[in-house]
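A.B. asks: For reference, the file my_file17.csv (CSV, C-alpha atoms) is included below:
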chain,number,residue,atom,x,y,z
V,1,MET,CA,142.7,-195.6,6.1
V,2,SER,CA,141.0,-194.0,3.1
V,3,PRO,CA,137.5,-192.5,3.7
V,4,LYS,CA,134.5,-194.5,2.3
V,5,THR,CA,132.1,-191.6,2.1
V,6,TYR,CA,132.1,-187.8,1.3
V,7,LYS,CA,129.8,-184.8,1.6
V,8,LYS,CA,128.2,-182.8,-1.1
V,9,LEU,CA,125.8,-179.9,-1.2
V,10,ILE,CA,122.5,-180.4,-3.1
V,11,ALA,CA,119.4,-178.4,-3.9
V,12,LYS,CA,116.6,-180.3,-2.1
V,13,GLN,CA,113.9,-178.0,-3.5
V,14,HIS,CA,113.3,-175.0,-5.7
V,15,SER,CA,113.3,-171.8,-3.7
V,16,HIS,CA,114.2,-168.1,-4.0
V,17,ASN,CA,116.2,-168.5,-0.8
V,18,PHE,CA,119.4,-170.4,-1.4
V,19,ARG,CA,120.0,-171.2,2.2
V,20,THR,CA,116.7,-173.0,2.6
V,21,ALA,CA,116.9,-174.6,-0.8
V,22,VAL,CA,120.1,-176.6,0.0
V,23,GLU,CA,121.4,-179.3,2.3
V,24,ILE,CA,124.5,-181.3,2.8
V,25,VAL,CA,124.3,-185.1,2.2
V,26,GLU,CA,126.8,-187.9,2.6
V,27,VAL,CA,127.4,-190.4,-0.2
V,28,PRO,CA,129.9,-193.2,-1.0
V,29,ILE,CA,133.1,-192.1,-2.7
V,30,PRO,CA,132.9,-193.3,-6.3
V,31,GLU,CA,135.1,-195.7,-8.1
V,32,PRO,CA,136.2,-194.5,-11.5
V,33,ALA,CA,134.7,-196.0,-14.7
V,34,ALA,CA,137.2,-196.9,-17.4
V,35,ASN,CA,137.1,-193.4,-18.9
V,36,GLU,CA,136.9,-191.5,-15.6
V,37,ILE,CA,139.1,-189.9,-13.0
V,38,VAL,CA,138.2,-189.3,-9.3
V,39,ILE,CA,139.2,-185.9,-8.0
V,40,ARG,CA,139.5,-184.7,-4.4
V,41,ASN,CA,138.2,-181.2,-4.7
V,42,LYS,CA,140.3,-178.5,-3.0
V,43,PHE,CA,138.8,-175.1,-4.0
V,44,ALA,CA,135.4,-174.3,-5.5
V,45,GLY,CA,134.6,-171.0,-7.2
V,46,VAL,CA,131.3,-169.4,-6.2
V,47,ASN,CA,129.0,-168.4,-9.0
V,48,GLY,CA,126.3,-167.0,-6.9
V,49,GLY,CA,124.1,-165.8,-9.8
V,50,PHE,CA,124.0,-169.2,-11.5
V,51,ASP,CA,123.5,-171.0,-8.2
V,52,MET,CA,120.6,-168.8,-7.3
V,53,LEU,CA,118.9,-169.1,-10.7
V,54,LEU,CA,119.3,-172.9,-10.6
V,55,CYS,CA,117.7,-173.0,-7.2
V,56,ARG,CA,114.8,-170.9,-8.5
V,57,GLY,CA,114.4,-173.1,-11.6
V,58,ASP,CA,115.0,-170.0,-13.8
V,59,VAL,CA,117.8,-171.4,-16.1
V,60,PRO,CA,115.9,-172.0,-19.4
V,61,TYR,CA,118.5,-174.5,-20.8
V,62,VAL,CA,118.7,-176.6,-17.6
V,63,LYS,CA,115.5,-178.1,-16.3
V,64,LEU,CA,116.3,-179.9,-13.1
V,65,THR,CA,114.0,-181.7,-10.6
V,66,PRO,CA,115.2,-181.6,-7.0
V,67,PRO,CA,117.3,-183.0,-5.6
V,68,PHE,CA,120.2,-182.0,-7.8
V,69,ASP,CA,123.9,-181.3,-7.4
V,70,LEU,CA,125.3,-177.7,-7.3
V,71,GLY,CA,128.5,-176.0,-8.0
V,72,VAL,CA,130.5,-175.7,-11.3
V,73,GLU,CA,134.1,-174.6,-11.2
V,74,VAL,CA,136.6,-176.4,-9.0
V,75,VAL,CA,140.3,-177.3,-8.7
V,76,GLY,CA,141.6,-180.4,-7.1
V,77,GLU,CA,143.9,-183.4,-7.2
V,78,ILE,CA,143.4,-186.8,-8.9
V,79,VAL,CA,143.1,-189.7,-6.4
V,80,ALA,CA,142.1,-192.5,-8.8
V,81,VAL,CA,142.1,-193.1,-12.6
V,82,GLY,CA,140.1,-195.5,-14.8
V,83,SER,CA,141.7,-198.2,-16.8
V,84,ASP,CA,141.4,-196.4,-20.1
V,85,VAL,CA,142.8,-193.1,-18.9
V,86,LYS,CA,146.2,-192.4,-20.4
V,87,ASP,CA,146.7,-188.6,-20.0
V,88,PHE,CA,146.3,-188.3,-16.3
V,89,GLN,CA,147.8,-189.9,-13.2
V,90,VAL,CA,147.2,-189.9,-9.5
V,91,GLY,CA,148.5,-186.6,-8.0
V,92,ASP,CA,147.9,-184.4,-11.0
V,93,ALA,CA,146.3,-181.1,-10.3
V,94,VAL,CA,143.2,-180.5,-12.5
V,95,GLU,CA,140.4,-178.1,-13.0
V,96,THR,CA,136.8,-179.0,-14.1
V,97,THR,CA,133.7,-177.0,-14.9
V,98,ALA,CA,131.1,-179.8,-15.0
V,99,ARG,CA,127.8,-178.6,-13.6
V,100,GLY,CA,127.2,-180.3,-10.2
V,101,GLY,CA,130.8,-181.1,-9.7
V,102,GLY,CA,131.8,-178.1,-7.6
V,103,TYR,CA,130.1,-178.2,-4.2
V,104,ARG,CA,131.4,-181.6,-3.1
V,105,GLU,CA,134.5,-183.1,-1.6
V,106,TYR,CA,135.0,-185.7,-4.3
V,107,GLN,CA,133.8,-186.1,-7.9
V,108,ALA,CA,134.1,-188.7,-10.6
V,109,VAL,CA,134.2,-187.2,-14.1
V,110,ASP,CA,135.0,-188.2,-17.7
V,111,ALA,CA,138.7,-187.5,-18.1
V,112,LYS,CA,137.9,-185.5,-21.3
V,113,LEU,CA,136.2,-182.9,-19.1
V,114,ALA,CA,139.3,-182.2,-16.9
V,115,ILE,CA,142.1,-179.8,-17.6
V,116,LYS,CA,145.5,-180.4,-16.2
V,117,VAL,CA,146.9,-177.3,-14.4
V,118,PRO,CA,150.2,-176.5,-12.8
V,119,GLU,CA,148.8,-176.5,-9.3
V,120,ALA,CA,145.3,-176.5,-7.7
V,121,THR,CA,145.1,-172.9,-6.6
V,122,PRO,CA,142.2,-170.4,-6.2
V,123,GLU,CA,143.8,-168.3,-9.0
V,124,ILE,CA,142.9,-170.9,-11.6
V,125,LEU,CA,139.3,-170.6,-10.6
V,126,THR,CA,139.4,-166.9,-11.5
V,127,LEU,CA,140.6,-167.7,-15.0
V,128,MET,CA,138.5,-170.8,-15.7
V,129,PRO,CA,135.7,-170.3,-16.5
V,130,THR,CA,135.3,-166.8,-15.0
V,131,GLY,CA,138.1,-165.1,-16.9
V,132,VAL,CA,137.4,-167.1,-20.0
V,133,SER,CA,133.9,-165.7,-20.0
V,134,ALA,CA,135.2,-162.2,-19.9
V,135,VAL,CA,137.5,-162.7,-22.9
V,136,VAL,CA,135.0,-164.4,-25.1
V,137,ALA,CA,132.2,-161.9,-24.2
V,138,LEU,CA,134.4,-158.9,-25.0
V,139,GLU,CA,136.1,-160.3,-28.1
V,140,GLN,CA,133.5,-162.6,-29.8
V,141,VAL,CA,130.3,-161.0,-28.8
V,142,GLY,CA,131.4,-157.4,-28.2
V,143,GLU,CA,133.8,-157.4,-31.1
V,144,MET,CA,136.3,-155.3,-29.0
V,145,LYS,CA,138.8,-153.3,-30.9
V,146,SER,CA,141.7,-151.0,-29.8
V,147,GLY,CA,141.3,-147.3,-29.0
V,148,GLU,CA,137.7,-147.6,-27.7
V,149,THR,CA,136.0,-146.6,-24.6
V,150,VAL,CA,134.9,-149.7,-22.6
V,151,LEU,CA,132.7,-149.7,-19.5
V,152,VAL,CA,132.7,-152.6,-17.1
V,153,SER,CA,129.9,-152.8,-14.5
V,154,ALA,CA,130.7,-154.7,-11.2
V,155,ALA,CA,134.3,-154.1,-12.3
V,156,ALA,CA,135.9,-155.3,-9.1
V,157,GLY,CA,134.1,-158.7,-9.1
V,158,GLY,CA,135.5,-162.0,-10.2
V,159,THR,CA,134.6,-161.6,-13.9
V,160,GLY,CA,134.7,-157.8,-14.0
V,161,HIS,CA,138.3,-157.4,-12.9
V,162,ILE,CA,139.5,-159.7,-15.6
V,163,ALA,CA,137.4,-157.9,-18.2
V,164,VAL,CA,139.0,-154.6,-17.1
V,165,GLN,CA,142.5,-156.0,-17.6
V,166,VAL,CA,141.8,-157.7,-20.9
V,167,ALA,CA,140.3,-154.5,-22.3
V,168,LYS,CA,143.3,-152.5,-21.1
V,169,LEU,CA,145.7,-155.0,-22.7
V,170,ALA,CA,143.8,-154.5,-26.0
V,171,GLY,CA,144.6,-150.8,-25.9
V,172,ASN,CA,141.3,-149.3,-24.6
V,173,HIS,CA,140.2,-146.6,-22.2
V,174,VAL,CA,138.4,-148.5,-19.4
V,175,ILE,CA,135.7,-147.2,-17.1
V,176,GLY,CA,135.1,-149.4,-14.1
V,177,VAL,CA,131.9,-149.1,-12.0
V,178,CYS,CA,131.9,-150.3,-8.4
V,179,GLY,CA,130.3,-149.7,-5.0
V,180,SER,CA,133.0,-149.0,-2.4
V,181,ASP,CA,136.3,-147.2,-1.7
V,182,ALA,CA,138.1,-150.5,-1.3
V,183,LYS,CA,136.9,-151.7,-4.7
V,184,SER,CA,137.9,-148.3,-6.2
V,185,GLU,CA,141.4,-148.7,-4.9
V,186,PHE,CA,141.6,-152.3,-6.3
V,187,LEU,CA,140.5,-151.0,-9.7
V,188,LYS,CA,143.1,-148.3,-9.6
V,189,GLN,CA,145.8,-150.9,-8.9
V,190,ILE,CA,144.8,-153.0,-12.0
V,191,GLY,CA,144.9,-150.0,-14.3
V,192,CYS,CA,141.3,-148.7,-14.6
V,193,ASP,CA,141.3,-145.3,-16.3
V,194,ARG,CA,138.1,-143.9,-14.7
V,195,ILE,CA,136.5,-145.4,-11.7
V,196,ILE,CA,132.9,-144.6,-10.8
V,197,ASN,CA,131.8,-145.4,-7.3
V,198,TYR,CA,128.0,-145.5,-7.8
V,199,ARG,CA,127.4,-144.9,-4.1
V,200,THR,CA,129.1,-141.5,-4.3
V,201,GLU,CA,128.7,-140.5,-8.0
V,202,ASN,CA,125.8,-140.7,-10.4
V,203,VAL,CA,126.9,-143.0,-13.2
V,204,GLY,CA,124.6,-141.4,-15.8
V,205,GLU,CA,125.8,-137.8,-15.0
V,206,VAL,CA,129.4,-138.8,-15.1
V,207,LEU,CA,129.0,-140.4,-18.5
V,208,GLN,CA,127.0,-137.5,-19.9
V,209,ARG,CA,129.6,-135.0,-18.6
V,210,GLU,CA,132.9,-136.8,-19.3
V,211,TYR,CA,132.0,-139.1,-22.3
V,212,PRO,CA,129.5,-137.0,-24.4
V,213,LYS,CA,130.2,-139.1,-27.5
V,214,GLY,CA,129.2,-142.2,-25.5
V,215,VAL,CA,130.7,-145.6,-24.7
V,216,ASN,CA,131.8,-147.9,-27.5
V,217,LEU,CA,131.5,-151.2,-25.6
V,218,VAL,CA,129.8,-152.1,-22.3
V,219,PHE,CA,130.4,-155.3,-20.3
V,220,GLU,CA,127.2,-155.4,-18.2
V,221,CYS,CA,126.3,-157.8,-15.5
V,222,VAL,CA,124.3,-155.8,-13.0
V,223,GLY,CA,121.0,-155.1,-14.7
V,224,LYS,CA,118.1,-152.8,-13.7
V,225,GLN,CA,119.1,-149.1,-13.6
V,226,MET,CA,122.7,-149.8,-14.5
V,227,PHE,CA,121.5,-151.5,-17.7
V,228,ASP,CA,119.2,-148.6,-18.6
V,229,THR,CA,122.0,-146.0,-17.9
V,230,CYS,CA,124.4,-147.9,-20.1
V,231,VAL,CA,121.9,-148.2,-23.0
V,232,GLU,CA,121.3,-144.4,-22.8
V,233,ASN,CA,125.0,-143.7,-23.1
V,234,LEU,CA,126.0,-146.0,-25.9
V,235,ALA,CA,128.0,-144.4,-28.7
V,236,VAL,CA,127.2,-144.5,-32.4
V,237,ARG,CA,127.6,-148.2,-33.3
V,238,GLY,CA,128.1,-149.0,-29.6
V,239,ARG,CA,127.6,-152.5,-28.3
V,240,LEU,CA,126.3,-153.6,-24.9
V,241,VAL,CA,127.0,-157.2,-23.9
V,242,VAL,CA,124.7,-158.6,-21.3
V,243,VAL,CA,126.7,-161.1,-19.2
V,244,GLY,CA,124.3,-161.2,-16.3
V,245,PHE,CA,121.9,-159.3,-14.2
V,246,ILE,CA,122.9,-159.8,-10.6
V,247,SER,CA,120.5,-157.1,-9.3
V,248,GLU,CA,117.6,-159.4,-10.1
V,249,TYR,CA,118.9,-162.8,-9.0
V,250,LEU,CA,117.4,-162.7,-5.5
V,251,ASN,CA,113.9,-161.6,-6.6
V,252,ASN,CA,111.3,-161.9,-9.3
V,253,PHE,CA,112.2,-160.1,-12.5
V,254,GLU,CA,111.0,-156.5,-12.4
V,255,SER,CA,108.4,-155.4,-14.8
V,256,VAL,CA,109.1,-152.0,-16.5
V,257,ASN,CA,107.0,-149.7,-18.6
V,258,GLN,CA,108.9,-147.5,-21.0
V,259,PRO,CA,109.4,-147.0,-24.7
V,260,ARG,CA,110.7,-150.1,-26.5
V,261,ILE,CA,114.5,-150.4,-26.6
V,262,TYR,CA,114.7,-149.9,-30.4
V,263,SER,CA,113.8,-146.2,-29.9
V,264,LYS,CA,117.2,-145.8,-28.2
V,265,LEU,CA,119.3,-148.1,-30.5
V,266,PHE,CA,118.1,-147.4,-34.0
V,267,TRP,CA,119.3,-143.8,-34.3
V,268,LYS,CA,122.8,-144.8,-33.2
V,269,ALA,CA,123.0,-148.1,-35.0
V,270,ALA,CA,123.8,-149.4,-31.5
V,271,SER,CA,123.1,-153.0,-30.3
V,272,VAL,CA,122.4,-155.0,-27.2
V,273,ARG,CA,123.8,-158.6,-27.3
V,274,GLY,CA,123.4,-161.5,-24.9
V,275,PHE,CA,126.3,-163.7,-23.9
V,276,LEU,CA,125.9,-167.3,-22.7
V,277,MET,CA,129.2,-169.3,-22.4
V,278,PRO,CA,127.8,-172.7,-23.5
V,279,LEU,CA,126.8,-171.2,-26.8
V,280,TYR,CA,130.4,-170.0,-27.4
V,281,ALA,CA,132.2,-173.2,-26.2
V,282,GLN,CA,134.3,-173.4,-29.3
V,283,HIS,CA,136.2,-170.3,-28.2
V,284,MET,CA,137.0,-171.5,-24.7
V,285,PRO,CA,140.3,-173.4,-25.3
V,286,ALA,CA,142.1,-170.5,-27.0
V,287,ALA,CA,140.9,-168.0,-24.4
V,288,ARG,CA,141.9,-170.3,-21.6
V,289,ASP,CA,145.4,-170.9,-23.0
V,290,ARG,CA,145.9,-167.1,-23.5
V,291,LEU,CA,144.8,-166.3,-20.0
V,292,LEU,CA,147.1,-168.8,-18.4
V,293,ASN,CA,150.0,-167.3,-20.5
V,294,LEU,CA,149.0,-163.8,-19.3
V,295,LEU,CA,148.9,-165.0,-15.7
V,296,TYR,CA,152.2,-166.8,-15.6
V,297,SER,CA,154.0,-164.0,-17.6
V,298,GLY,CA,152.7,-161.5,-15.0
V,299,GLN,CA,150.6,-159.5,-17.4
V,300,ILE,CA,147.4,-159.8,-15.5
V,301,ARG,CA,146.6,-159.7,-11.7
V,302,ILE,CA,144.2,-162.1,-10.2
V,303,GLY,CA,141.9,-160.8,-7.5
V,304,ILE,CA,140.8,-163.4,-4.8
V,305,ASP,CA,138.4,-162.0,-2.2
V,306,PRO,CA,140.2,-162.2,1.1
V,307,THR,CA,137.1,-163.3,3.1
V,308,GLN,CA,137.6,-166.9,4.2
V,309,PHE,CA,134.9,-169.5,3.5
V,310,GLN,CA,135.8,-172.9,4.8
V,311,GLY,CA,133.9,-176.1,4.1
V,312,LEU,CA,130.6,-176.9,2.4
V,313,GLU,CA,128.7,-175.5,5.3
V,314,SER,CA,130.0,-172.0,4.4
V,315,ILE,CA,128.7,-172.0,0.8
V,316,PRO,CA,125.3,-170.4,1.6
V,317,ASP,CA,127.3,-167.6,3.4
V,318,ALA,CA,129.6,-167.3,0.3
V,319,VAL,CA,126.6,-167.1,-2.1
V,320,GLU,CA,124.9,-164.4,0.0
V,321,TYR,CA,128.1,-162.5,0.4
V,322,MET,CA,128.6,-162.4,-3.4
V,323,LEU,CA,125.0,-161.6,-4.2
V,324,GLY,CA,125.2,-158.8,-1.7
V,325,GLY,CA,127.9,-157.1,-3.7
V,326,LYS,CA,130.5,-157.4,-0.9
V,327,ASN,CA,133.2,-159.2,-2.8
V,328,CYS,CA,136.3,-157.7,-4.3
V,329,GLY,CA,137.6,-160.3,-6.7
V,330,LYS,CA,136.7,-164.0,-7.0
V,331,VAL,CA,134.8,-165.6,-4.1
V,332,VAL,CA,136.3,-169.0,-3.3
V,333,VAL,CA,135.4,-171.8,-0.9
V,334,ARG,CA,138.1,-174.1,0.5
V,335,ILE,CA,136.5,-177.6,0.4
Would you put the structure from the file into structure tokens?
C.D. replies:
Amino acid sequence: MSPKTYKKLIAKQHSHNFRTAVEIVEVPIPEPAANEIVIRNKFAGVNGGFDMLLCRGDVPYVKLTPPFDLGVEVVGEIVAVGSDVKDFQVGDAVETTARGGGYREYQAVDAKLAIKVPEATPEILTLMPTGVSAVVALEQVGEMKSGETVLVSAAAGGTGHIAVQVAKLAGNHVIGVCGSDAKSEFLKQIGCDRIINYRTENVGEVLQREYPKGVNLVFECVGKQMFDTCVENLAVRGRLVVVGFISEYLNNFESVNQPRIYSKLFWKAASVRGFLMPLYAQHMPAARDRLLNLLYSGQIRIGIDPTQFQGLESIPDAVEYMLGGKNCGKVVVRI
């Protein structure tokens, strides 16, 4: 007998503490509208930074009043289709990135927002939208070329390890910054040219000593001192792309008192550029198709963090695990 209800994780209040902000509720399984499909979610990707910022109410382009749904990227299997849906059928594996559709057991979504995939595996979640973000940020915002020196912070993370491989495939020398021996070994396996473990080496000193001409392109998602160090070490006409600032997701933004950033950029004709995926949505389909081809042709390796997170109840643990910098690869929850 088919279930009548399902569970989902919602934010019940704005809070700087993800665990106290959320709760699990039970609601009826939806019937699809004419243009919709109903998906039984199997794996959800954890985007701890975005989750935390939403719970804090600090995402400028999304103003939500609690309670609201959480979770974005998910893969699953279609269990029902609306009367007007022609391109999908029950049993198809699909991926969606609809905000609020991730941390739940079932979702009804407009069929236009779903992407058919070969199978509903965690690897797909690493490519879409995580890997897609890496490609678009490097190529469209960072204007990545060949023969450059590219630095990736949080290089062993879900987005970072894809950025490392995309930059290598483009013919660049890649510096990967991470925080453990295990992550260093992983980066070595995916072809990183210079690995800096910031817990055992000083990133700024390494860059000054080994890269005196500076870094051409930085893929930066850590923030705080890492951001400052990368700005200091940009090359002439270097570009730093801000793809996040995970060091400040758990707390209020730090106030700093130092010379304005143009004093560091002007003399090098360097630049700092912000990246936000929704503002580059037109580039997503091409990046997605290319990444899938790279995956199935064996040209990139997908890193899934081996820590097991099972069920909606484990999501707070998964978010804290990621924000604590413990993950090596993409953090995934089995729904």
A.B. asks: Restricting the calculation to only C-alpha atoms, which member of V:Ile39, V:Asn47, V:Leu127, V:Lys63 is positioned closest to V:Gly101?
C.D. replies: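 Using only C-alpha atoms, V:Gly101 sits closest to V:Ile39.
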A.B. asks: So how many Å separate atom CA of V:Pro278 and atom CA of V:Leu64, to one decimal?
C.D. replies: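 According to the coordinates, atom CA of V:Pro278 and atom CA of V:Leu64 are separated by 17.1 Å.
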A.B. asks: Restricting the calculation to all atoms listed in the file, which member of V:Phe50, V:Phe266, V:Phe309, V:Tyr249 is positioned closest to V:Gly325?
C.D. replies: V:Tyr249
A.B. asks: In file coordinates, which residues lie within 7 Å of (125.8, -155.6, -24.7) using only C-alpha atoms, given as a PyMOL selection string?
C.D. replies: chain V and resi 142+218-220+239-242+271-274
A.B. asks: For V:Gly329, which residue out of V:Ser146, V:Thr159, V:Ser255, V:Thr20 is the nearest one, using only C-alpha atoms?
C.D. replies: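 Residue with the minimum atom-to-atom distance to V:Gly329: V:Thr159.
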A.B. asks: Ranking V:Val203, V:Cys192, V:Ile78, V:Ala318 by minimum distance to V:Asp228 and counting all atoms listed in the file, which one comes first?
C.D. replies: V:Val203
A.B. asks: Kindly indicate which residue among V:Val215, V:Ala111, V:Ile246, V:Ala134 lies nearest to V:Leu151, using all atoms listed in the file for the distances.
C.D. replies: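 Among V:Val215, V:Ala111, V:Ile246, V:Ala134, it is V:Val215 that comes nearest to V:Leu151.
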A.B. asks: As an exercise, work out the distance from atom CA of V:Val152 to atom CA of V:Leu217 in Å and give it to one decimal place.
C.D. replies: 8.7 Å
A.B. asks: Could you tell me which of V:Ala269, V:Leu295, V:Val38, V:Ala155 comes closest to V:Asn197 if we count only C-alpha atoms?
C.D. replies: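 Checking each of V:Ala269, V:Leu295, V:Val38, V:Ala155 against V:Asn197, counting only C-alpha atoms, the winner is V:Ala155.
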A.B. asks: Which residues, written as a PyMOL selection string, have at least one atom at most 12 Å from V:Asp193, with all atoms listed in the file counted and residues fewer than 2 positions away on the same chain left out?
C.D. replies: chain V and resi 149-152+155+164-165+167-168+171-177+184-185+187-191+195-196
A.B. asks: Quick one: residues within 6 Å of V:Arg334, all atoms listed in the file, excluding same-chain residues fewer than 2 positions away - as a PyMOL selection string?
C.D. replies: chain V and resi 43+310-311
A.B. asks: At what distance in Å, to one decimal, does atom CA of V:Asp110 lie from atom CA of V:Gly91?
C.D. replies: 16.7 Å
A.B. asks: Where atoms are missing, can you supply all heavy atoms for stretch 105-113 of chain V and output the lot as a compact mmCIF listing (two decimals), in the frame of the given file?
C.D. replies:
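Below is the file out.txt, written as the result:
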# COMPACT_ATOMS: atom_id res chain seq x y z
N GLU V 105 133.09 -182.82 -1.95
CA GLU V 105 134.50 -183.10 -1.60
C GLU V 105 135.18 -183.99 -2.60
O GLU V 105 136.40 -183.88 -2.77
CB GLU V 105 134.47 -183.83 -0.20
CG GLU V 105 133.98 -182.92 0.93
CD GLU V 105 133.80 -183.66 2.24
OE1 GLU V 105 133.54 -184.88 2.22
OE2 GLU V 105 133.91 -183.01 3.30
N TYR V 106 134.44 -184.85 -3.29
CA TYR V 106 135.00 -185.70 -4.30
C TYR V 106 134.08 -185.67 -5.55
O TYR V 106 132.88 -185.45 -5.41
CB TYR V 106 135.14 -187.15 -3.87
CG TYR V 106 136.23 -187.40 -2.84
CD1 TYR V 106 135.99 -187.17 -1.49
CD2 TYR V 106 137.47 -187.89 -3.23
CE1 TYR V 106 136.97 -187.41 -0.55
CE2 TYR V 106 138.46 -188.14 -2.28
CZ TYR V 106 138.20 -187.89 -0.95
OH TYR V 106 139.18 -188.12 -0.01
N GLN V 107 134.65 -185.94 -6.71
CA GLN V 107 133.80 -186.10 -7.90
C GLN V 107 134.49 -187.08 -8.86
O GLN V 107 135.72 -187.14 -8.96
CB GLN V 107 133.58 -184.77 -8.61
CG GLN V 107 134.84 -184.11 -9.16
CD GLN V 107 134.52 -182.97 -10.12
OE1 GLN V 107 133.62 -183.07 -10.95
NE2 GLN V 107 135.27 -181.89 -10.01
N ALA V 108 133.66 -187.87 -9.53
CA ALA V 108 134.10 -188.70 -10.60
C ALA V 108 133.66 -188.07 -11.92
O ALA V 108 132.48 -187.73 -12.06
CB ALA V 108 133.55 -190.13 -10.49
N VAL V 109 134.56 -187.90 -12.86
CA VAL V 109 134.20 -187.20 -14.10
C VAL V 109 134.97 -187.79 -15.26
O VAL V 109 136.07 -188.34 -15.10
CB VAL V 109 134.61 -185.67 -13.93
CG1 VAL V 109 136.11 -185.49 -13.77
CG2 VAL V 109 134.10 -184.85 -15.09
N ASP V 110 134.36 -187.73 -16.42
CA ASP V 110 135.00 -188.20 -17.70
C ASP V 110 136.33 -187.41 -17.80
O ASP V 110 136.37 -186.18 -17.67
CB ASP V 110 134.11 -187.88 -18.85
CG ASP V 110 134.61 -188.51 -20.14
OD1 ASP V 110 135.83 -188.48 -20.40
OD2 ASP V 110 133.77 -189.01 -20.92
N ALA V 111 137.40 -188.12 -18.05
CA ALA V 111 138.70 -187.50 -18.10
C ALA V 111 138.78 -186.40 -19.20
O ALA V 111 139.57 -185.45 -19.09
CB ALA V 111 139.78 -188.55 -18.42
N LYS V 112 137.93 -186.50 -20.22
CA LYS V 112 137.90 -185.50 -21.30
C LYS V 112 137.43 -184.13 -20.76
O LYS V 112 137.66 -183.10 -21.42
CB LYS V 112 137.02 -185.95 -22.43
CG LYS V 112 137.54 -187.17 -23.17
CD LYS V 112 136.58 -187.58 -24.28
CE LYS V 112 137.08 -188.81 -25.02
NZ LYS V 112 136.12 -189.26 -26.07
N LEU V 113 136.75 -184.11 -19.62
CA LEU V 113 136.20 -182.90 -19.10
C LEU V 113 137.13 -182.20 -18.09
O LEU V 113 136.79 -181.15 -17.53
CB LEU V 113 134.86 -183.15 -18.42
CG LEU V 113 133.76 -183.72 -19.33
CD1 LEU V 113 132.49 -183.96 -18.53
CD2 LEU V 113 133.49 -182.78 -20.50
